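Coordinates as given in upload20.tsv (TSV, C-alpha atoms):
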chain	number	residue	atom	x	y	z
A	113	MET	CA	10.51	52.52	73.87
A	114	GLU	CA	11.68	50.90	77.06
A	115	GLY	CA	15.28	51.44	76.00
A	116	ILE	CA	14.76	55.16	75.49
A	117	GLN	CA	13.04	55.47	78.84
A	118	SER	CA	15.85	53.73	80.67
A	119	TYR	CA	18.37	55.85	78.77
A	120	LEU	CA	16.51	58.99	79.85
A	121	GLY	CA	16.34	57.66	83.38
A	122	TYR	CA	20.08	57.21	83.50
A	123	LYS	CA	20.68	60.62	81.97
A	124	ILE	CA	18.54	62.27	84.65
A	125	LEU	CA	20.25	60.21	87.33
A	126	PHE	CA	23.69	61.17	85.98
A	127	GLU	CA	22.70	64.83	85.85
A	128	ALA	CA	21.39	64.66	89.47
A	129	MET	CA	24.63	62.96	90.58
A	130	VAL	CA	26.76	65.65	88.95
A	131	ARG	CA	24.73	68.40	90.68
A	132	PHE	CA	24.98	66.63	94.03
A	133	SER	CA	28.73	66.22	93.66
A	134	ALA	CA	29.25	69.82	92.53
A	135	GLY	CA	26.96	71.05	95.34
A	136	ILE	CA	28.85	69.44	98.18
A	137	SER	CA	32.19	70.34	96.57
A	138	GLU	CA	31.30	74.02	96.77
A	139	VAL	CA	30.75	73.82	100.53
A	140	LYS	CA	33.51	75.49	102.49
A	141	SER	CA	32.57	74.35	105.98
A	142	LEU	CA	31.07	71.26	107.64
A	143	GLU	CA	28.15	73.30	108.99
A	144	ASN	CA	26.99	74.13	105.45
A	145	LEU	CA	27.31	70.59	104.16
A	146	PRO	CA	23.82	69.34	105.31
A	147	GLY	CA	22.12	72.22	103.48
A	148	GLN	CA	23.71	71.26	100.16
A	149	ILE	CA	22.86	67.60	100.71
A	150	SER	CA	19.26	68.56	101.40
A	151	ARG	CA	19.13	70.59	98.16
A	152	HIS	CA	20.37	67.85	95.85
A	153	LEU	CA	19.61	64.51	97.52
A	154	LYS	CA	15.91	64.50	96.70
A	155	TYR	CA	16.71	64.14	93.00
A	156	LEU	CA	18.71	60.99	93.71
A	157	ILE	CA	16.63	59.06	96.20
A	158	ASN	CA	13.21	59.13	97.82
A	159	PHE	CA	13.57	59.81	101.50
A	160	HIS	CA	11.66	61.17	104.43
A	161	ASP	CA	14.67	61.39	106.69
A	162	PHE	CA	18.35	60.92	105.78
A	163	ARG	CA	21.14	60.42	108.33
A	164	PHE	CA	24.84	60.10	107.74
A	165	TYR	CA	27.32	59.18	110.48
A	166	TYR	CA	31.04	59.79	110.03
A	167	VAL	CA	32.99	57.49	112.38
A	168	VAL	CA	36.69	57.81	113.20
A	169	PRO	CA	38.57	56.71	116.35
A	170	GLU	CA	38.44	60.28	117.70
A	171	GLY	CA	34.65	60.33	117.64
A	172	MET	CA	31.53	60.48	115.55
A	173	ASP	CA	29.83	63.30	113.61
A	174	SER	CA	26.36	63.16	112.20
A	175	ILE	CA	24.37	64.83	109.43
A	176	VAL	CA	20.60	64.89	109.58
A	177	VAL	CA	18.45	65.99	106.62
A	178	ASP	CA	14.72	65.59	106.27
A	179	LYS	CA	12.14	66.16	103.59
A	180	SER	CA	10.80	69.32	105.22
A	181	GLY	CA	14.19	71.00	104.68
A	182	TYR	CA	15.66	70.51	108.14
A	183	ALA	CA	19.43	70.08	107.87
A	184	SER	CA	22.01	69.94	110.64
A	185	TYR	CA	25.54	68.90	111.38
A	186	ALA	CA	26.50	67.60	114.84
A	187	PHE	CA	30.06	67.19	116.08
A	188	GLY	CA	30.94	64.44	118.52
A	189	CYS	CA	27.53	62.74	118.77
A	190	HIS	CA	26.67	59.39	120.29
A	191	LEU	CA	24.32	56.64	119.12
A	192	ASP	CA	21.37	55.50	121.19
A	193	PRO	CA	22.40	51.92	122.20
A	194	ASN	CA	18.89	50.66	121.37
A	195	SER	CA	18.78	52.23	117.92
A	196	VAL	CA	19.08	50.44	114.65
A	197	GLU	CA	22.23	52.44	113.90
A	198	ALA	CA	23.94	51.05	117.01
A	199	GLU	CA	23.09	47.57	115.97
A	200	VAL	CA	24.35	48.03	112.39
A	201	MET	CA	27.44	49.78	113.63
A	202	GLU	CA	28.25	46.77	115.79
A	203	THR	CA	27.37	43.95	113.43
A	204	GLY	CA	28.06	45.61	110.08
A	205	ILE	CA	24.97	43.85	108.69
A	206	PRO	CA	22.49	46.10	106.81
A	207	ALA	CA	19.11	46.43	108.50
A	208	GLN	CA	15.63	47.07	107.30
A	209	ILE	CA	12.75	47.89	109.61
A	210	ASN	CA	9.11	48.50	108.79
A	211	CYS	CA	7.40	51.02	110.95
A	212	SER	CA	3.81	49.89	111.22
A	213	GLU	CA	2.53	53.19	112.66
A	214	THR	CA	3.75	55.50	109.88
A	215	GLY	CA	4.13	52.94	107.16
A	216	HIS	CA	7.74	54.04	106.75
A	217	GLN	CA	10.66	51.84	106.02
A	218	ILE	CA	14.01	52.33	107.71
A	219	HIS	CA	17.22	51.16	105.99
A	220	CYS	CA	20.63	51.28	107.51
A	221	TRP	CA	24.07	50.40	106.08
A	222	LYS	CA	27.57	50.46	107.38
A	223	PHE	CA	30.50	51.30	105.08
A	224	THR	CA	34.19	50.94	105.66
A	225	ASN	CA	35.83	53.76	103.75
A	226	GLY	CA	39.42	53.29	104.76
A	227	LYS	CA	41.67	52.50	107.62
A	228	ASP	CA	39.97	53.68	110.82
A	229	GLN	CA	37.22	55.44	108.96
A	230	ASP	CA	33.67	54.08	108.81
A	231	SER	CA	30.30	55.58	108.04
A	232	LEU	CA	26.63	54.76	108.55
A	233	ILE	CA	23.71	55.80	106.39
A	234	ARG	CA	20.15	55.57	107.66
A	235	ILE	CA	17.29	56.34	105.35
A	236	GLN	CA	13.66	56.50	106.37
A	237	SER	CA	11.28	56.54	103.43
A	238	GLN	CA	7.67	56.09	102.51
A	239	ASP	CA	8.36	53.71	99.69
A	240	THR	CA	6.20	50.71	99.93
A	241	VAL	CA	8.41	48.93	97.44
A	242	SER	CA	11.77	47.98	98.81
A	243	GLN	CA	14.04	50.59	97.49
A	244	ALA	CA	17.14	48.96	98.90
A	245	GLU	CA	17.79	46.71	95.96
A	246	ASN	CA	17.63	49.43	93.29
A	247	SER	CA	19.29	52.14	95.20
A	248	ILE	CA	22.32	50.41	96.67
A	249	PRO	CA	24.78	51.53	93.97
A	250	ILE	CA	23.52	55.11	94.34
A	251	ILE	CA	23.72	54.95	98.18
A	252	LYS	CA	27.30	53.67	97.86
A	253	VAL	CA	28.27	56.57	95.63
A	254	ILE	CA	26.50	59.07	97.95
A	255	ASN	CA	28.37	57.59	100.91
A	256	LYS	CA	31.72	57.84	99.12
A	257	MET	CA	31.17	61.46	98.12
A	258	VAL	CA	29.84	62.62	101.50
A	259	ALA	CA	32.49	60.72	103.50
A	260	ALA	CA	35.28	62.06	101.29
A	261	ARG	CA	33.90	65.60	101.58
A	262	VAL	CA	33.59	65.37	105.40
A	263	GLU	CA	37.13	64.05	105.65
A	264	ASN	CA	38.36	66.79	103.38
A	265	LEU	CA	36.56	69.56	105.26
A	266	LYS	CA	37.77	68.19	108.60
A	267	MET	CA	41.33	68.28	107.26
A	268	ILE	CA	40.87	71.87	106.04
A	269	ASP	CA	39.43	72.74	109.43
A	270	LEU	CA	42.44	71.18	111.18
A	271	ILE	CA	44.89	73.02	108.96
A	272	HIS	CA	42.97	76.23	109.53
A	273	ARG	CA	43.10	75.78	113.32
A	274	GLN	CA	46.81	74.95	113.17
A	275	ASN	CA	47.39	78.04	111.07
A	276	GLN	CA	45.57	80.11	113.65
A	277	LYS	CA	47.74	78.62	116.39
A	278	LEU	CA	50.83	79.37	114.33
A	279	GLU	CA	49.67	82.92	113.78
A	280	LYS	CA	49.13	83.40	117.50
A	281	LEU	CA	52.57	81.95	118.10
A	282	THR	CA	54.08	84.25	115.49
A	283	VAL	CA	52.42	87.26	117.08
A	284	ALA	CA	53.74	86.19	120.50
A	285	LEU	CA	57.19	85.70	119.04
A	286	HIS	CA	57.06	89.11	117.40
A	287	SER	CA	56.17	90.78	120.63
A	288	LYS	CA	58.90	88.87	122.50
A	289	ASN	CA	61.37	89.84	119.82
A	290	LYS	CA	60.33	93.44	120.20
A	291	GLU	CA	60.77	93.21	123.96
A	292	VAL	CA	64.25	91.76	123.55
A	293	ARG	CA	65.20	94.46	121.10
A	294	GLU	CA	63.87	97.14	123.39
A	295	LEU	CA	65.86	95.61	126.25
A	296	ASN	CA	68.99	95.60	124.12
A	297	ARG	CA	68.43	99.20	123.15
A	298	LEU	CA	68.01	100.21	126.80
A	299	GLN	CA	71.14	98.35	127.79
A	300	GLU	CA	73.10	99.96	125.00
A	301	ALA	CA	71.87	103.37	126.08
A	302	THR	CA	72.85	102.63	129.69
A	303	ILE	CA	76.28	101.51	128.57
A	304	GLN	CA	76.69	104.67	126.53
A	305	VAL	CA	75.73	106.85	129.48
A	306	LYS	CA	78.09	104.94	131.76
A	307	THR	CA	80.89	105.14	129.24
A	308	ALA	CA	80.36	108.87	128.81
A	309	SER	CA	80.41	109.45	132.56
A	310	LEU	CA	83.55	107.31	132.91
A	311	LYS	CA	85.19	109.29	130.15
A	312	SER	CA	84.27	112.54	131.83
A	313	SER	CA	85.56	111.32	135.21
A	314	ASN	CA	88.73	110.14	133.53
A	315	SER	CA	89.41	113.46	131.86
A	316	LYS	CA	88.70	115.31	135.11
A	317	LEU	CA	91.10	113.00	136.89
A	318	LYS	CA	93.73	113.74	134.27
A	319	ALA	CA	93.10	117.45	134.74
A	320	LEU	CA	93.51	117.05	138.49
A	321	ILE	CA	96.83	115.25	138.04
A	322	GLN	CA	97.96	118.01	135.67
A	323	PHE	CA	96.86	120.59	138.22
A	324	ASN	CA	98.75	118.83	141.02
A	325	SER	CA	101.84	118.69	138.86
A	326	HIS	CA	101.78	122.38	137.93
A	327	GLN	CA	99.73	124.58	140.22
A	328	LEU	CA	100.54	122.77	143.46
A	329	ARG	CA	104.22	122.26	142.91
A	330	GLU	CA	104.82	125.73	141.52
A	331	PRO	CA	104.46	127.78	144.76
A	332	LEU	CA	106.23	125.01	146.64
A	333	THR	CA	109.30	125.25	144.41
A	334	ARG	CA	109.35	129.02	144.95
A	335	VAL	CA	109.44	128.54	148.73
A	336	LEU	CA	112.06	125.82	148.39
A	337	GLY	CA	114.14	128.07	146.13
A	338	MET	CA	113.99	130.92	148.62
A	339	ILE	CA	115.07	128.66	151.44
A	340	ALA	CA	117.88	127.21	149.34
A	341	ILE	CA	119.44	130.62	148.54
A	342	LYS	CA	119.59	131.57	152.21
A	343	ASP	CA	123.08	130.13	152.65
A	344	ASP	CA	124.41	131.54	149.39
A	345	ILE	CA	123.74	135.25	150.03
A	346	PRO	CA	124.45	137.61	152.96
A	347	GLN	CA	121.81	137.59	155.66
A	348	ASP	CA	120.87	141.25	155.25
A	349	GLU	CA	120.37	140.73	151.53
A	350	PHE	CA	118.11	137.76	152.26
A	351	ILE	CA	116.11	139.76	154.74
A	352	SER	CA	115.72	142.74	152.43
A	353	ASP	CA	115.25	141.02	149.04
A	354	ILE	CA	113.82	137.57	149.68
A	355	LEU	CA	111.91	137.43	152.93
A	356	PRO	CA	109.24	139.99	151.94
A	357	LEU	CA	108.36	137.80	148.94
A	358	MET	CA	108.18	134.64	150.99
A	359	GLN	CA	104.73	135.35	152.44
A	360	GLU	CA	103.12	135.69	149.04
A	361	SER	CA	104.47	132.32	147.90
A	362	VAL	CA	103.42	130.57	151.09
A	363	LEU	CA	99.90	131.98	150.69
A	364	ASP	CA	99.84	130.79	147.06
A	365	LEU	CA	100.88	127.36	148.28
A	366	ASP	CA	98.09	127.31	150.84
A	367	LEU	CA	95.53	128.32	148.17
A	368	ALA	CA	96.75	125.61	145.83
A	369	VAL	CA	96.56	122.91	148.52
A	370	ARG	CA	93.01	123.98	149.33
A	371	GLU	CA	92.01	123.84	145.69
A	372	VAL	CA	93.48	120.37	145.25
A	373	VAL	CA	91.49	119.10	148.24
A	374	GLU	CA	88.33	120.74	146.91
A	375	ARG	CA	88.75	119.36	143.42
A	376	SER	CA	89.53	115.87	144.72
A	377	GLU	CA	86.40	115.83	146.86
A	378	LEU	CA	84.24	117.04	143.97
A	379	LEU	CA	85.62	114.35	141.71
A	380	LYS	CA	85.22	111.71	144.41
A	381	ASP	CA	81.53	112.64	144.84
A	382	GLU	CA	80.99	112.59	141.09
A	383	ILE	CA	82.57	109.15	140.67
A	384	GLU	CA	80.62	107.72	143.60
A	385	THR	CA	77.25	109.00	142.36
A	386	THR	CA	77.67	107.46	138.89
B	115	MET	CA	126.87	137.25	127.09
B	116	LYS	CA	123.14	137.77	127.09
B	117	VAL	CA	120.92	135.44	129.05
B	118	PHE	CA	117.07	135.52	129.16
B	119	LEU	CA	115.15	134.44	132.23
B	120	ILE	CA	111.48	133.87	131.40
B	121	ASP	CA	109.19	133.05	134.34
B	122	ASP	CA	105.88	134.62	135.31
B	123	GLN	CA	106.86	134.41	138.97
B	124	LYS	CA	109.03	137.43	139.73
B	125	ILE	CA	110.64	135.80	142.75
B	126	THR	CA	111.95	132.91	140.61
B	127	ASN	CA	113.63	135.36	138.28
B	128	VAL	CA	115.10	137.23	141.28
B	129	LEU	CA	116.55	134.04	142.72
B	130	ASN	CA	117.91	132.80	139.40
B	131	LYS	CA	119.44	136.17	138.62
B	132	LYS	CA	121.23	136.18	141.97
B	133	TYR	CA	122.69	132.74	141.33
B	134	LEU	CA	123.84	133.57	137.81
B	135	ASN	CA	125.51	136.77	138.97
B	136	MET	CA	127.23	134.82	141.71
B	137	ILE	CA	128.65	132.31	139.25
B	138	ARG	CA	129.79	134.66	136.46
B	139	GLU	CA	130.28	138.35	136.27
B	140	ASP	CA	130.17	138.77	132.48
B	141	LEU	CA	126.51	137.92	132.05
B	142	VAL	CA	123.92	140.42	130.84
B	143	ILE	CA	120.72	139.10	132.33
B	144	TYR	CA	117.27	140.04	131.02
B	145	ASP	CA	114.44	138.77	133.19
B	146	PHE	CA	110.84	138.70	131.99
B	147	ASP	CA	107.81	137.96	134.12
B	148	ASP	CA	105.71	138.76	131.02
B	149	PRO	CA	106.46	136.15	128.35
B	150	GLU	CA	105.03	138.40	125.63
B	151	LEU	CA	107.71	140.98	126.25
B	152	ALA	CA	110.30	138.21	126.04
B	153	LEU	CA	108.94	137.20	122.64
B	154	GLU	CA	109.28	140.75	121.38
B	155	ALA	CA	112.85	141.07	122.66
B	156	LEU	CA	113.97	137.69	121.40
B	157	GLU	CA	114.92	138.60	117.82
B	158	LYS	CA	116.29	142.00	118.72
B	159	GLU	CA	118.53	140.95	121.61
B	160	LYS	CA	119.48	137.49	120.33
B	161	PRO	CA	120.47	136.01	123.74
B	162	ALA	CA	122.99	133.17	123.93
B	163	LEU	CA	120.92	131.16	126.39
B	164	ILE	CA	117.33	131.08	127.64
B	165	PHE	CA	116.01	129.79	130.95
B	166	LEU	CA	112.33	129.05	130.30
B	167	ASP	CA	109.40	128.22	132.55
B	168	LEU	CA	106.65	126.10	130.94
B	169	ASN	CA	103.47	126.82	132.85
B	170	MET	CA	102.61	130.48	132.34
B	171	PRO	CA	99.25	132.14	131.68
B	172	ILE	CA	98.43	133.57	128.19
B	173	VAL	CA	101.78	132.71	126.61
B	174	SER	CA	103.20	129.40	127.84
B	175	GLY	CA	106.73	128.06	127.56
B	176	TRP	CA	105.48	125.80	124.77
B	177	ASP	CA	104.21	128.84	122.86
B	178	ILE	CA	107.63	130.40	123.06
B	179	LEU	CA	109.34	127.19	121.88
B	180	SER	CA	106.91	126.93	118.96
B	181	PHE	CA	107.45	130.60	118.10
B	182	MET	CA	111.21	130.02	117.97
B	183	ARG	CA	110.82	126.95	115.79
B	184	ASN	CA	108.47	128.76	113.39
B	185	HIS	CA	110.87	131.71	113.12
B	186	HIS	CA	113.98	129.56	112.88
B	187	ILE	CA	115.48	131.11	116.00
B	188	GLU	CA	118.18	128.67	117.09
B	189	ILE	CA	118.99	129.55	120.69
B	190	PRO	CA	119.68	126.85	123.32
B	191	VAL	CA	116.92	126.63	125.90
B	192	ILE	CA	117.05	125.24	129.42
B	193	ILE	CA	113.59	124.41	130.65
B	194	LEU	CA	113.05	125.25	134.31
B	195	THR	CA	109.76	123.88	135.49
B	196	SER	CA	108.04	122.99	138.71
B	197	SER	CA	106.08	120.22	136.94
B	198	ASN	CA	107.41	116.73	137.42
B	199	SER	CA	105.10	115.38	134.73
B	200	GLN	CA	106.63	112.82	132.40
B	201	GLN	CA	104.35	114.03	129.65
B	202	ASP	CA	106.03	117.46	129.65
B	203	ARG	CA	109.47	115.88	129.71
B	204	GLU	CA	108.63	113.81	126.63
B	205	LYS	CA	107.10	116.76	124.82
B	206	ALA	CA	110.24	118.79	125.42
B	207	THR	CA	112.34	116.30	123.46
B	208	LEU	CA	110.37	117.31	120.35
B	209	TYR	CA	112.11	120.73	120.35
B	210	HIS	CA	115.66	120.22	119.21
B	211	ASN	CA	116.99	123.43	120.78
B	212	VAL	CA	115.92	122.37	124.28
B	213	PHE	CA	119.26	121.78	125.90
B	214	SER	CA	118.13	120.60	129.30
B	215	PHE	CA	114.96	119.87	131.28
B	216	GLN	CA	115.29	120.87	134.96
B	217	LEU	CA	113.00	120.72	137.94
B	218	LYS	CA	112.77	123.75	140.19
B	219	PRO	CA	114.29	124.89	142.43
B	220	LEU	CA	117.84	124.96	141.08
B	221	THR	CA	120.73	125.21	143.56
B	222	LYS	CA	123.91	127.12	143.02
B	223	ILE	CA	125.85	123.95	142.15
B	224	ARG	CA	123.31	122.87	139.55
B	225	PHE	CA	123.40	126.35	138.01
B	226	THR	CA	127.20	126.21	137.80
B	227	ASP	CA	127.16	122.81	136.10
B	228	LEU	CA	124.39	123.78	133.69
B	229	LEU	CA	126.09	127.01	132.68
B	230	ASP	CA	129.39	125.20	132.15
B	231	ASP	CA	127.71	122.60	129.99
B	232	ALA	CA	125.84	125.18	127.98
B	233	LEU	CA	128.83	127.42	127.34
B	234	LYS	CA	131.19	124.56	126.55
B	235	SER	CA	128.45	123.39	124.24
B	236	GLY	CA	129.11	120.08	125.88
B	237	ASN	CA	127.59	117.17	124.14
B	238	GLU	CA	126.66	115.37	127.34
B	239	GLY	CA	123.27	116.66	128.19
B	240	ASP	CA	121.59	116.52	131.52
B	241	ILE	CA	118.66	114.41	132.65
B	242	GLY	CA	116.14	114.35	129.87
B	243	THR	CA	118.09	116.79	127.73
B	244	LYS	CA	118.39	116.96	124.03
B	245	LEU	CA	121.34	118.74	122.68
B	246	VAL	CA	121.43	120.52	119.37
B	247	PRO	CA	124.24	119.13	117.25
B	248	ASP	CA	126.65	121.78	115.86
B	249	GLN	CA	124.72	124.43	117.68
B	250	LYS	CA	127.23	126.52	119.56
B	251	PRO	CA	125.89	129.33	121.66
B	252	GLU	CA	127.64	132.54	120.70
B	253	LYS	CA	129.86	134.28	123.23
This entry written out as structure tokens:
Amino acid sequence: MEGIQSYLGYKILFEAMVRFSAGISEVKSLENLPGQISRHLKYLINFHDFRFYYVVPEGMDSIVVDKSGYASYAFGCHLDPNSVEAEVMETGIPAQINCSETGHQIHCWKFTNGKDQDSLIRIQSQDTVSQAENSIPIIKVINKMVAARVENLKMIDLIHRQNQKLEKLTVALHSKNKEVRELNRLQEATIQVKTASLKSSNSKLKALIQFNSHQLREPLTRVLGMIAIKDDIPQDEFISDILPLMQESVLDLDLAVREVVERSELLKDEIETT
Amino acid sequence: MKVFLIDDQKITNVLNKKYLNMIREDLVIYDFDDPELALEALEKEKPALIFLDLNMPIVSGWDILSFMRNHHIEIPVIILTSSNSQQDREKATLYHNVFSFQLKPLTKIRFTDLLDDALKSGNEGDIGTKLVPDQKPEK
């Protein structure tokens, strides 16, 4: 009979442990962890008030759960130097205090979970019988599970924050990249405009040279030709046949010179303004 | 012997005609200040020599040279131009019947030399000339 009862007891305990473990595994953020602990812890131990402290070199977090359903997570908390927790934290020796006013018992343990990672558990309960002896293996398991889960969630949180930073950085990079591309595009456009205007100036310059070569020299050669023939023909023939045509050629020459000056000035202005 | 003078400036043709008549008396000189009329007369008159200006409105000297090439008209041409552009000089070498490339104005002595060279079908061309091999101008 006793054997069956203890078997049943273990089965219930095992079942409660599995639920507790599954419950805190489901939690996706540290803030929701106390709620899950509050839901499942009462099936594992008798407590009026349960506190868990997660201690790493960077600081200390705490979880507080009580029988009335209060559950909270605090980041970066500090211990009251006169508290039992502070004492246990320093000495590492488990403590047990009887509160004469309420009849409660307070138990506190310190655990070293790994390099640079400690935890404290403080349980206040109404048990008149010392529960410490019976419950120590269960408290150890609870500590392991909660500490591992806190560490895990902190890591996830860190990765999440780093991801967010990376995303911000990526966005900044994207926008910089866009700026650079836009700058490049503008520069290319400017170069194209400059090149086009240079090409246009160049072709106008070529046209001017062509003009000088043909239109300017043409009336000049006529005048030169008329002067050259003067000594080869009789004077009266020159006066009657050539001289009357001279004026027209000289006027043409004057027109051409004027046009060259005009065109040169236009081109000069155009080149200077670009 | 028939000679064509093609220049849109009448006075140039007048001057050149005077020089040519001074140098030789047996020349029949046709002068055109309208290049289109010269084109029309070209095949009919078949001149022995052409003095050609390059820069003319509507029909240029180049147009006339191209017309002659396309119609296989093999008449020696002396280019008479007021342009001292090297580009024109180089382009002229592409027409094998261009006998000589001369800058205006031509003096009497230059005319005499040119005419001698052309009629002797002398192989020594002038500055920038390109002589047609075996191409003797008819008398």
Notebook entry, point to check: Using all atoms listed in the file, which residues sit within 8 Å of region 247-259 of chain A once same-chain residues fewer than 4 positions away are excluded, as a list in words?
Noted result: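 Selected residues are Ser133, Ile136, Leu156, Ile157, Tyr166, Phe223, Asn225, Ser231, Ile233, Gln243 and Glu263 of chain A.
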With 6 Å on each side, where is the centre of the axis-aligned box around all listed atoms of region 118-134 of chain B, and how long are its edges in Å to one decimal, as lines of an AutoDock Vina configuration file?
center_x = 114.9
center_y = 135.1
center_z = 136.0
size_x = 30.0
size_y = 16.7
size_z = 25.6
Note to self: Counting only C-alpha atoms, a student should be able to say which residues of chain A come within 8 Å of chain B; what is the right answer, written as a list in words?
What the structure shows: Gln322, Ser325, His326, Arg329, Glu330, Thr333, Arg334, Leu336, Gly337, Met338, Ala340, Ile341, Asp344, Ile354 and Leu357 of chain A
Those same residues - C-alpha atoms - I'd like them written as a short mmCIF file (atom, residue, chain, number, x, y, z; two decimals), in the coordinates of the input.
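Saved file result_1.cif follows:
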data_model
loop_
_atom_site.label_atom_id
_atom_site.label_comp_id
_atom_site.auth_asym_id
_atom_site.auth_seq_id
_atom_site.Cartn_x
_atom_site.Cartn_y
_atom_site.Cartn_z
CA GLN A 322 97.96 118.01 135.67
CA SER A 325 101.84 118.69 138.86
CA HIS A 326 101.78 122.38 137.93
CA ARG A 329 104.22 122.26 142.91
CA GLU A 330 104.82 125.73 141.52
CA THR A 333 109.30 125.25 144.41
CA ARG A 334 109.35 129.02 144.95
CA LEU A 336 112.06 125.82 148.39
CA GLY A 337 114.14 128.07 146.13
CA MET A 338 113.99 130.92 148.62
CA ALA A 340 117.88 127.21 149.34
CA ILE A 341 119.44 130.62 148.54
CA ASP A 344 124.41 131.54 149.39
CA ILE A 354 113.82 137.57 149.68
CA LEU A 357 108.36 137.80 148.94
#
Notebook entry, point to check: Contacts of region 203-209 of chain B at 12 Å or less, counting only C-alpha atoms, minus same-chain residues fewer than 2 places along, as a PyMOL selection string?
Noted result: chain B and resi 166-168+175-184+186-201+211-217+239+241-246
Next item on the list: State, in Å with one decimal place, the distance from CA of Ala134 (chain A) to CA of Arg234 (chain A).
Entry: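 According to the coordinates, CA of Ala134 (chain A) and CA of Arg234 (chain A) are separated by 22.7 Å.
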Margin query: To one decimal place in Å, what is the distance between CA of Leu125 (chain A) and CA of Val196 (chain A)?
Written below: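 Atom-to-atom, CA of Leu125 (chain A) and CA of Val196 (chain A) are spaced 29.0 Å apart.
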Check: Quick one: distance from CA of Asp364 (chain A) to CA of Asp122 (chain B) in Å, one decimal?
Finding: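 Computed distance, CA of Asp364 (chain A) to CA of Asp122 (chain B), equals 13.8 Å.
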Item checked: A:Leu378, A:Leu270, A:Leu278, A:Leu153 ranked by distance to Ile235 (chain A), top pick (using all atoms listed in the file) -> A:Leu153
Check: In terms of the shortest atom-to-atom distance over all atoms listed in the file, which of B:Val117, B:Glu157, B:Ile143, B:Glu150 is closest to Pro171 (chain B)?
Finding: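 The closest residue to Pro171 (chain B) is B:Glu150.
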Check: Quick one: residues within 10 Å of Leu142 (chain A), only C-alpha atoms counted, chain neighbours fewer than 6 positions away excluded, as a PyMOL selection string?
Finding: chain A and resi 136+175+184-187+261-266+268-269
Go ahead and dump the residues you just picked, C-alpha atoms, as a PDB file, keeping the file's coordinate frame.
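File result-v6.pdb, as written:
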ATOM      1  CA  ILE A 136      28.850  69.440  98.180  1.00  0.00           C
ATOM      2  CA  ILE A 175      24.370  64.830 109.430  1.00  0.00           C
ATOM      3  CA  SER A 184      22.010  69.940 110.640  1.00  0.00           C
ATOM      4  CA  TYR A 185      25.540  68.900 111.380  1.00  0.00           C
ATOM      5  CA  ALA A 186      26.500  67.600 114.840  1.00  0.00           C
ATOM      6  CA  PHE A 187      30.060  67.190 116.080  1.00  0.00           C
ATOM      7  CA  ARG A 261      33.900  65.600 101.580  1.00  0.00           C
ATOM      8  CA  VAL A 262      33.590  65.370 105.400  1.00  0.00           C
ATOM      9  CA  GLU A 263      37.130  64.050 105.650  1.00  0.00           C
ATOM     10  CA  ASN A 264      38.360  66.790 103.380  1.00  0.00           C
ATOM     11  CA  LEU A 265      36.560  69.560 105.260  1.00  0.00           C
ATOM     12  CA  LYS A 266      37.770  68.190 108.600  1.00  0.00           C
ATOM     13  CA  ILE A 268      40.870  71.870 106.040  1.00  0.00           C
ATOM     14  CA  ASP A 269      39.430  72.740 109.430  1.00  0.00           C
TER      15      ASP A 269
END
Margin query: For a quick check of understanding, using only C-alpha atoms, which of B:His210, B:Arg138, B:Lys131, B:Lys160 has the smallest distance to Thr226 (chain B)?
Written below: B:Arg138
Checklist line | Distance criterion (all atoms listed in the file): nearest to Asp230 (chain B) out of B:Met115, B:Leu153, B:Ile137, B:Val142 | finding: B:Ile137
Next item on the list: Compare A:Asp161, A:Gly215, A:Leu328, A:Pro346 by their minimum atom-to-atom distance to Arg370 (chain A), counting all atoms listed in the file, and give me the closest one.
Entry: A:Leu328
